[in-house]
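Here is coords39.pdb, consisting of PDB, C-alpha atoms:
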ATOM      1  CA  MET A  19      85.449  70.916 -33.112
ATOM      2  CA  ILE A  20      86.818  69.447 -29.912
ATOM      3  CA  LYS A  21      90.500  68.664 -29.874
ATOM      4  CA  GLN A  22      92.723  67.439 -27.087
ATOM      5  CA  LEU A  23      96.503  67.745 -26.853
ATOM      6  CA  MET A  24      98.586  66.130 -24.154
ATOM      7  CA  LYS A  25     102.200  66.917 -23.459
ATOM      8  CA  ILE A  26     103.836  64.034 -21.696
ATOM      9  CA  ARG A  27     106.815  64.449 -19.464
ATOM     10  CA  SER A  28     108.867  61.804 -17.717
ATOM     11  CA  LEU A  29     110.956  62.084 -14.614
ATOM     12  CA  LEU A  30     113.668  59.564 -13.945
ATOM     13  CA  ILE A  31     114.782  59.378 -10.372
ATOM     14  CA  LEU A  32     118.364  58.256 -10.114
ATOM     15  CA  ALA A  33     119.550  56.300  -7.122
ATOM     16  CA  LEU A  34     122.938  57.109  -5.636
ATOM     17  CA  MET A  35     124.804  54.073  -4.413
ATOM     18  CA  VAL A  36     127.024  54.655  -1.383
ATOM     19  CA  LEU A  37     130.134  52.494  -1.252
ATOM     20  CA  PHE A  38     132.865  52.350   1.303
ATOM     21  CA  ILE A  39     135.500  49.948   2.573
ATOM     22  CA  ALA A  40     136.609  49.944   6.194
ATOM     23  CA  SER A  41     139.863  48.347   7.248
ATOM     24  CA  PRO A  42     141.844  48.916  10.446
ATOM     25  CA  VAL A  43     145.041  47.729   8.779
ATOM     26  CA  VAL A  44     145.194  48.437   5.046
ATOM     27  CA  ALA A  45     144.479  51.834   3.489
ATOM     28  CA  VAL A  46     143.325  51.794  -0.140
ATOM     29  CA  HIS A  47     144.139  54.765  -2.389
ATOM     30  CA  PRO A  48     143.912  55.511  -6.113
ATOM     31  CA  MET A  49     147.012  54.404  -8.043
ATOM     32  CA  THR A  50     148.444  56.530 -10.837
ATOM     33  CA  SER A  51     151.432  56.879 -13.119
ATOM     34  CA  ASP A  52     152.168  58.703 -16.368
ATOM     35  CA  SER A  53     150.434  55.885 -18.263
ATOM     36  CA  TYR A  54     147.500  54.776 -16.112
ATOM     37  CA  GLN A  55     145.133  55.511 -13.236
ATOM     38  CA  ILE A  56     143.290  52.922 -11.113
ATOM     39  CA  ASP A  57     140.516  54.612  -9.161
ATOM     40  CA  TRP A  58     139.249  51.585  -7.241
ATOM     41  CA  PRO A  59     142.188  49.291  -6.309
ATOM     42  CA  ASN A  60     141.652  46.568  -3.736
ATOM     43  CA  LEU A  61     143.426  43.561  -2.232
ATOM     44  CA  ASN A  62     141.672  40.273  -2.982
ATOM     45  CA  MET A  63     142.212  36.564  -3.521
ATOM     46  CA  GLY A  64     140.780  36.591  -7.031
ATOM     47  CA  ALA A  65     138.897  38.719  -9.502
ATOM     48  CA  GLY A  66     137.879  38.796 -13.140
ATOM     49  CA  VAL A  67     135.066  38.428 -15.617
ATOM     50  CA  PRO A  68     134.631  34.730 -16.477
ATOM     51  CA  SER A  69     132.246  34.116 -19.356
ATOM     52  CA  SER A  70     130.992  31.622 -21.900
ATOM     53  CA  GLY A  71     128.518  31.650 -24.747
ATOM     54  CA  ASN A  72     125.644  31.650 -22.243
ATOM     55  CA  TYR A  73     126.744  33.923 -19.398
ATOM     56  CA  GLY A  74     129.088  36.627 -18.127
ATOM     57  CA  LEU A  75     129.999  36.892 -14.442
ATOM     58  CA  GLY A  76     131.876  39.641 -12.603
ATOM     59  CA  VAL A  77     133.798  38.229  -9.629
ATOM     60  CA  THR A  78     135.786  39.698  -6.737
ATOM     61  CA  THR A  79     136.677  37.506  -3.724
ATOM     62  CA  GLY A  80     138.459  38.266  -0.479
ATOM     63  CA  GLN A  81     137.071  41.789   0.029
ATOM     64  CA  ILE A  82     136.670  43.194   3.513
ATOM     65  CA  ALA A  83     133.052  43.437   4.744
ATOM     66  CA  PRO A  84     131.142  43.294   1.431
ATOM     67  CA  GLY A  85     127.361  43.078   1.426
ATOM     68  CA  LEU A  86     124.186  44.991   2.148
ATOM     69  CA  TYR A  87     123.898  46.814   5.467
ATOM     70  CA  SER A  88     120.717  48.635   6.444
ATOM     71  CA  SER A  89     118.958  50.333   9.308
ATOM     72  CA  THR A  90     116.233  52.916   9.696
ATOM     73  CA  GLY A  91     117.013  55.732   7.280
ATOM     74  CA  TYR A  92     119.895  54.232   5.300
ATOM     75  CA  LYS A  93     121.265  51.363   3.243
ATOM     76  CA  VAL A  94     124.953  50.707   2.521
ATOM     77  CA  ARG A  95     125.935  48.466  -0.372
ATOM     78  CA  ALA A  96     129.583  47.662   0.303
ATOM     79  CA  GLY A  97     131.826  45.920  -2.186
ATOM     80  CA  PHE A  98     133.204  46.512  -5.633
ATOM     81  CA  GLN A  99     130.497  44.508  -7.382
ATOM     82  CA  TYR A 100     127.984  47.209  -6.441
ATOM     83  CA  ILE A 101     129.798  49.552  -8.828
ATOM     84  CA  HIS A 102     128.509  47.567 -11.792
ATOM     85  CA  SER A 103     125.269  48.682 -13.429
ATOM     86  CA  ILE A 104     124.449  45.636 -15.513
ATOM     87  CA  ILE A 105     121.026  46.914 -16.598
ATOM     88  CA  PRO A 106     120.758  50.725 -16.439
ATOM     89  CA  PHE A 107     117.298  52.007 -15.524
ATOM     90  CA  VAL A 108     115.606  53.344 -18.670
ATOM     91  CA  PHE A 109     112.052  54.590 -19.226
ATOM     92  CA  LYS A 110     110.737  55.313 -22.728
ATOM     93  CA  ILE A 111     107.489  56.549 -24.254
ATOM     94  CA  ASN A 112     106.859  56.454 -27.991
ATOM     95  CA  LYS A 113     105.144  59.841 -28.354
ATOM     96  CA  ILE A 114     104.929  63.154 -26.549
ATOM     97  CA  ALA A 115     101.540  64.317 -27.851
ATOM     98  CA  VAL A 116      98.118  62.788 -28.505
ATOM     99  CA  ASP A 117      95.684  64.624 -30.757
ATOM    100  CA  PHE A 118      92.127  63.298 -31.093
ATOM    101  CA  ASN A 119      91.267  65.892 -33.761
ATOM    102  CA  SER A 120      87.512  66.363 -34.351
ATOM    103  CA  LEU A 121      85.176  64.339 -32.142
ATOM    104  CA  THR A 122      81.752  62.948 -33.038
ATOM    105  CA  VAL A 123      79.013  62.982 -30.399
ATOM    106  CA  GLY A 124      78.409  59.522 -28.961
ATOM    107  CA  THR A 125      81.294  57.960 -30.904
ATOM    108  CA  PRO A 126      84.277  57.199 -28.647
ATOM    109  CA  SER A 127      87.758  58.019 -29.946
ATOM    110  CA  THR A 128      90.912  56.241 -28.770
ATOM    111  CA  ASP A 129      94.662  56.562 -29.155
ATOM    112  CA  THR A 130      97.602  54.770 -27.584
ATOM    113  CA  ILE A 131     100.936  55.458 -25.913
ATOM    114  CA  ASP A 132     103.562  52.711 -25.679
ATOM    115  CA  LEU A 133     105.682  52.533 -22.509
ATOM    116  CA  GLU A 134     108.950  50.617 -22.066
ATOM    117  CA  VAL A 135     111.108  50.011 -18.983
ATOM    118  CA  ASP A 136     114.571  48.479 -18.547
ATOM    119  CA  CYS A 137     115.022  47.646 -14.882
ATOM    120  CA  GLY A 138     118.160  46.388 -13.148
ATOM    121  CA  GLY A 139     117.252  47.290  -9.564
ATOM    122  CA  ALA A 140     116.855  44.360  -7.176
ATOM    123  CA  GLY A 141     113.721  45.959  -5.742
ATOM    124  CA  GLY A 142     111.983  46.451  -9.078
ATOM    125  CA  TYR A 143     110.323  49.652 -10.266
ATOM    126  CA  ALA A 144     107.052  51.564 -10.574
ATOM    127  CA  VAL A 145     105.597  53.925 -13.185
ATOM    128  CA  THR A 146     102.765  56.252 -12.161
ATOM    129  CA  ALA A 147     100.538  58.581 -14.199
ATOM    130  CA  GLN A 148      98.628  61.725 -13.294
ATOM    131  CA  GLU A 149      96.845  64.636 -14.977
ATOM    132  CA  ASN A 150      97.298  68.275 -14.072
ATOM    133  CA  ASN A 151      93.530  68.836 -14.354
ATOM    134  CA  PRO A 152      90.553  67.538 -16.393
ATOM    135  CA  LEU A 153      90.530  68.368 -20.107
ATOM    136  CA  THR A 154      89.886  72.108 -20.237
ATOM    137  CA  SER A 155      89.165  74.489 -23.119
ATOM    138  CA  THR A 156      90.420  78.013 -23.621
ATOM    139  CA  ALA A 157      86.904  79.127 -22.629
ATOM    140  CA  ALA A 158      87.251  77.214 -19.318
ATOM    141  CA  SER A 159      84.799  74.441 -20.277
ATOM    142  CA  THR A 160      85.821  70.959 -19.138
ATOM    143  CA  ILE A 161      85.356  67.370 -20.256
ATOM    144  CA  ALA A 162      84.863  65.385 -17.074
ATOM    145  CA  ASP A 163      86.861  62.273 -16.290
ATOM    146  CA  THR A 164      84.860  59.153 -17.051
ATOM    147  CA  THR A 165      83.015  57.342 -14.285
ATOM    148  CA  CYS A 166      82.577  54.263 -16.570
ATOM    149  CA  ASP A 167      79.305  52.385 -17.002
ATOM    150  CA  ALA A 168      76.698  52.522 -14.227
ATOM    151  CA  GLY A 169      76.856  48.770 -13.597
ATOM    152  CA  ASP A 170      80.634  48.783 -13.007
ATOM    153  CA  PRO A 171      81.763  52.336 -12.180
ATOM    154  CA  CYS A 172      85.341  53.591 -11.966
ATOM    155  CA  ASP A 173      87.340  56.422 -10.458
ATOM    156  CA  GLU A 174      91.062  57.248 -10.248
ATOM    157  CA  SER A 175      91.802  54.311  -7.919
ATOM    158  CA  ASP A 176      89.407  51.604  -9.188
ATOM    159  CA  ALA A 177      88.936  50.417 -12.782
ATOM    160  CA  GLY A 178      85.532  49.679 -14.283
ATOM    161  CA  THR A 179      83.769  48.704 -17.498
ATOM    162  CA  TRP A 180      83.386  51.361 -20.200
ATOM    163  CA  ALA A 181      81.468  49.779 -23.066
ATOM    164  CA  SER A 182      78.427  52.030 -23.520
ATOM    165  CA  ASN A 183      78.524  54.806 -26.130
ATOM    166  CA  THR A 184      76.281  56.865 -23.854
ATOM    167  CA  THR A 185      78.950  56.929 -21.147
ATOM    168  CA  TYR A 186      80.915  60.135 -21.573
ATOM    169  CA  GLY A 187      84.232  61.517 -20.367
ATOM    170  CA  PHE A 188      87.959  60.869 -20.589
ATOM    171  CA  GLY A 189      89.959  57.935 -19.226
ATOM    172  CA  TYR A 190      92.515  55.236 -19.947
ATOM    173  CA  SER A 191      93.194  51.510 -19.915
ATOM    174  CA  MET A 192      96.435  49.490 -19.722
ATOM    175  CA  SER A 193      97.617  46.252 -21.318
ATOM    176  CA  GLY A 194     100.947  44.439 -21.508
ATOM    177  CA  THR A 195     103.771  43.589 -19.103
ATOM    178  CA  ASP A 196     103.596  44.443 -15.390
ATOM    179  CA  VAL A 197     100.284  46.330 -15.600
ATOM    180  CA  PRO A 198      97.880  46.195 -12.612
ATOM    181  CA  ASN A 199      95.435  43.267 -12.688
ATOM    182  CA  GLU A 200      92.462  45.618 -12.377
ATOM    183  CA  PHE A 201      92.784  46.442 -16.102
ATOM    184  CA  SER A 202      92.090  42.834 -17.129
ATOM    185  CA  GLY A 203      89.223  42.546 -19.564
ATOM    186  CA  GLY A 204      89.930  45.994 -20.999
ATOM    187  CA  LYS A 205      88.651  48.009 -18.031
ATOM    188  CA  TYR A 206      89.221  51.761 -17.714
ATOM    189  CA  LYS A 207      90.088  54.312 -15.032
ATOM    190  CA  GLN A 208      90.197  58.046 -14.545
ATOM    191  CA  TYR A 209      93.578  59.766 -14.426
ATOM    192  CA  ALA A 210      94.455  60.914 -10.920
ATOM    193  CA  ASP A 211      93.764  64.666 -10.867
ATOM    194  CA  ILE A 212      96.573  66.531  -9.121
ATOM    195  CA  SER A 213      94.521  69.733  -9.008
ATOM    196  CA  GLY A 214      92.026  67.760  -6.929
ATOM    197  CA  ALA A 215      94.749  66.390  -4.613
ATOM    198  CA  GLU A 216      94.295  62.839  -5.931
ATOM    199  CA  THR A 217      97.150  60.367  -5.506
ATOM    200  CA  PRO A 218      99.093  59.345  -8.668
ATOM    201  CA  GLN A 219      98.272  55.768  -9.663
ATOM    202  CA  ALA A 220     100.605  52.985 -10.814
ATOM    203  CA  VAL A 221     100.299  52.000 -14.478
ATOM    204  CA  MET A 222     103.269  49.588 -14.427
ATOM    205  CA  THR A 223     104.963  47.948 -11.473
ATOM    206  CA  GLY A 224     107.371  45.028 -11.214
ATOM    207  CA  THR A 225     109.781  43.311  -8.841
ATOM    208  CA  ASN A 226     111.937  41.407 -11.329
ATOM    209  CA  VAL A 227     115.038  42.548 -13.199
ATOM    210  CA  GLY A 228     114.473  42.738 -16.947
ATOM    211  CA  ILE A 229     114.964  44.505 -20.257
ATOM    212  CA  GLY A 230     112.184  45.624 -22.594
ATOM    213  CA  LYS A 231     109.212  45.479 -20.230
ATOM    214  CA  THR A 232     106.487  46.975 -22.428
ATOM    215  CA  SER A 233     102.891  48.070 -22.023
ATOM    216  CA  THR A 234     100.313  50.082 -23.935
ATOM    217  CA  MET A 235      98.135  52.848 -22.510
ATOM    218  CA  THR A 236      94.858  53.299 -24.396
ATOM    219  CA  LEU A 237      93.364  56.776 -23.981
ATOM    220  CA  LYS A 238      89.621  57.102 -24.613
ATOM    221  CA  ILE A 239      87.317  60.104 -24.954
ATOM    222  CA  ASN A 240      83.574  60.344 -25.635
ATOM    223  CA  VAL A 241      81.427  63.503 -25.598
ATOM    224  CA  SER A 242      77.712  64.208 -25.436
ATOM    225  CA  GLY A 243      75.622  66.540 -27.562
ATOM    226  CA  ILE A 244      75.677  69.247 -24.893
ATOM    227  CA  GLN A 245      79.476  69.438 -24.710
ATOM    228  CA  ALA A 246      80.670  72.932 -25.600
ATOM    229  CA  ALA A 247      82.797  73.161 -28.746
ATOM    230  CA  GLY A 248      86.394  74.209 -28.316
ATOM    231  CA  VAL A 249      90.009  73.138 -28.100
ATOM    232  CA  TYR A 250      90.600  71.069 -24.963
ATOM    233  CA  GLU A 251      93.878  70.046 -23.432
ATOM    234  CA  ASN A 252      95.631  68.809 -20.320
ATOM    235  CA  ILE A 253      99.013  67.381 -19.318
ATOM    236  CA  ILE A 254      99.651  63.769 -18.389
ATOM    237  CA  THR A 255     102.836  63.239 -16.349
ATOM    238  CA  PHE A 256     104.572  59.879 -16.002
ATOM    239  CA  ILE A 257     106.989  59.283 -13.119
ATOM    240  CA  ALA A 258     109.242  56.210 -13.398
ATOM    241  CA  THR A 259     111.060  55.157 -10.216
ATOM    242  CA  PRO A 260     113.601  52.325  -9.761
ATOM    243  CA  THR A 261     113.743  50.566  -6.400
ATOM    244  CA  TYR A 262     117.002  49.249  -4.953
TER     245      TYR A 262
END
Would you put the structure from the file into structure tokens?
Amino acid sequence: MIKQLMKIRSLLILALMVLFIASPVVAVHPMTSDSYQIDWPNLNMGAGVPSSGNYGLGVTTGQIAPGLYSSTGYKVRAGFQYIHSIIPFVFKINKIAVDFNSLTVGTPSTDTIDLEVDCGGAGGYAVTAQENNPLTSTAASTIADTTCDAGDPCDESDAGTWASNTTYGFGYSMSGTDVPNEFSGGKYKQYADISGAETPQAVMTGTNVGIGKTSTMTLKINVSGIQAAGVYENIITFIATPTY
């Protein structure tokens, strides 16, 4: 029996926004009393949260030097509106383990993982995937990553066609929102192998703000008659990164 178990971990990288207000005349300090505390007071011509049935808008006018300032090595987002996080960055996966159970020679097995991203960053986001090593048994046998069919081969950086039941190995495909175009038509790739110093590959990437961006990763495995029996496993790591 050949069985494969994947433990999936996600890493969310949080961006720290740097805010400051410079004024040669007016100093701004927190305001407190026994009943209240205002951490971010400012002098302005108007502020509020106007809304209707179709929109909500946070407004502050008359601030000193608001806006985006950047140079080599830094970005400064100045102004009270940058405090707001309208759409927090969220990355979700629907399962933390995939178990193919017993495999049949020459009969591919598949399973899926659903990915979801909420993205409020103006620069978009990216999700990458990588494996720690090829599927490996306790006896140190391996199931090689697929190279796809001979007429349209694949590796970790280029997708290819995997339709033949005599093509063996382990790989994945992507479908859904913000997935790379190379997966169109149901093509497959190898996972980037970190033990082989391969570069993690994007499985989702987008430049637009949005909630509920979803995709499906289809994992596929097929073994030949000479594959050693055993329990095989590896670790697939997802890294989700917002861009501001």
Worksheet item: For A:Gly142, which residue among A:Gly243, A:Gly228, A:Pro106, A:Gly248 is the nearest when counting all atoms listed in the file?
Response: A:Gly228
Applying the PyMOL selection byres ((chain A and resi 153-160) around 12) to the file I just gave you, which residues come out? Please list them as an mmCIF file with C-alpha atoms, in the frame of the given file.
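Once everything was written out, this is selection11.cif:
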data_model
loop_
_atom_site.group_PDB
_atom_site.id
_atom_site.type_symbol
_atom_site.label_atom_id
_atom_site.label_comp_id
_atom_site.auth_asym_id
_atom_site.auth_seq_id
_atom_site.Cartn_x
_atom_site.Cartn_y
_atom_site.Cartn_z
ATOM 1 C CA MET A 19 85.449 70.916 -33.112
ATOM 2 C CA ILE A 20 86.818 69.447 -29.912
ATOM 3 C CA LYS A 21 90.500 68.664 -29.874
ATOM 4 C CA GLN A 22 92.723 67.439 -27.087
ATOM 5 C CA LEU A 23 96.503 67.745 -26.853
ATOM 6 C CA MET A 24 98.586 66.130 -24.154
ATOM 7 C CA GLU A 149 96.845 64.636 -14.977
ATOM 8 C CA ASN A 150 97.298 68.275 -14.072
ATOM 9 C CA ASN A 151 93.530 68.836 -14.354
ATOM 10 C CA PRO A 152 90.553 67.538 -16.393
ATOM 11 C CA ILE A 161 85.356 67.370 -20.256
ATOM 12 C CA ALA A 162 84.863 65.385 -17.074
ATOM 13 C CA ASP A 163 86.861 62.273 -16.290
ATOM 14 C CA THR A 164 84.860 59.153 -17.051
ATOM 15 C CA GLY A 187 84.232 61.517 -20.367
ATOM 16 C CA PHE A 188 87.959 60.869 -20.589
ATOM 17 C CA GLY A 189 89.959 57.935 -19.226
ATOM 18 C CA GLN A 208 90.197 58.046 -14.545
ATOM 19 C CA TYR A 209 93.578 59.766 -14.426
ATOM 20 C CA ASP A 211 93.764 64.666 -10.867
ATOM 21 C CA SER A 213 94.521 69.733 -9.008
ATOM 22 C CA ILE A 239 87.317 60.104 -24.954
ATOM 23 C CA ASN A 240 83.574 60.344 -25.635
ATOM 24 C CA VAL A 241 81.427 63.503 -25.598
ATOM 25 C CA ILE A 244 75.677 69.247 -24.893
ATOM 26 C CA GLN A 245 79.476 69.438 -24.710
ATOM 27 C CA ALA A 246 80.670 72.932 -25.600
ATOM 28 C CA ALA A 247 82.797 73.161 -28.746
ATOM 29 C CA GLY A 248 86.394 74.209 -28.316
ATOM 30 C CA VAL A 249 90.009 73.138 -28.100
ATOM 31 C CA TYR A 250 90.600 71.069 -24.963
ATOM 32 C CA GLU A 251 93.878 70.046 -23.432
ATOM 33 C CA ASN A 252 95.631 68.809 -20.320
ATOM 34 C CA ILE A 253 99.013 67.381 -19.318
ATOM 35 C CA ILE A 254 99.651 63.769 -18.389
#
Discussion item. The PyMOL selection byres ((chain A and resi 134) around 8) - which residues does that actually catch in the file I just gave you? List them as JSON, numbers by chain.
Written reply: {"A": [108, 109, 110, 111, 132, 133, 135, 136, 230, 231, 232, 233]}
Run through the PyMOL selection byres ((chain A and resi 222) around 10) on the given coordinates and return the selected residues as a CSV table (one decimal) with C-alpha atoms, in the frame of the given file.
chain,number,residue,atom,x,y,z
A,133,LEU,CA,105.7,52.5,-22.5
A,134,GLU,CA,109.0,50.6,-22.1
A,135,VAL,CA,111.1,50.0,-19.0
A,143,TYR,CA,110.3,49.7,-10.3
A,144,ALA,CA,107.1,51.6,-10.6
A,145,VAL,CA,105.6,53.9,-13.2
A,146,THR,CA,102.8,56.3,-12.2
A,147,ALA,CA,100.5,58.6,-14.2
A,192,MET,CA,96.4,49.5,-19.7
A,193,SER,CA,97.6,46.3,-21.3
A,194,GLY,CA,100.9,44.4,-21.5
A,195,THR,CA,103.8,43.6,-19.1
A,196,ASP,CA,103.6,44.4,-15.4
A,197,VAL,CA,100.3,46.3,-15.6
A,198,PRO,CA,97.9,46.2,-12.6
A,219,GLN,CA,98.3,55.8,-9.7
A,220,ALA,CA,100.6,53.0,-10.8
A,221,VAL,CA,100.3,52.0,-14.5
A,223,THR,CA,105.0,47.9,-11.5
A,224,GLY,CA,107.4,45.0,-11.2
A,231,LYS,CA,109.2,45.5,-20.2
A,232,THR,CA,106.5,47.0,-22.4
A,233,SER,CA,102.9,48.1,-22.0
A,234,THR,CA,100.3,50.1,-23.9
A,258,ALA,CA,109.2,56.2,-13.4
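Atom pair atom CA of A:Ser182 / atom CA of A:Thr128: separated by 14.2 Å.
Our summary of the geometry notes that atom CA of A:Tyr186 is positioned 15.5 Å from atom CA of A:Glu174.
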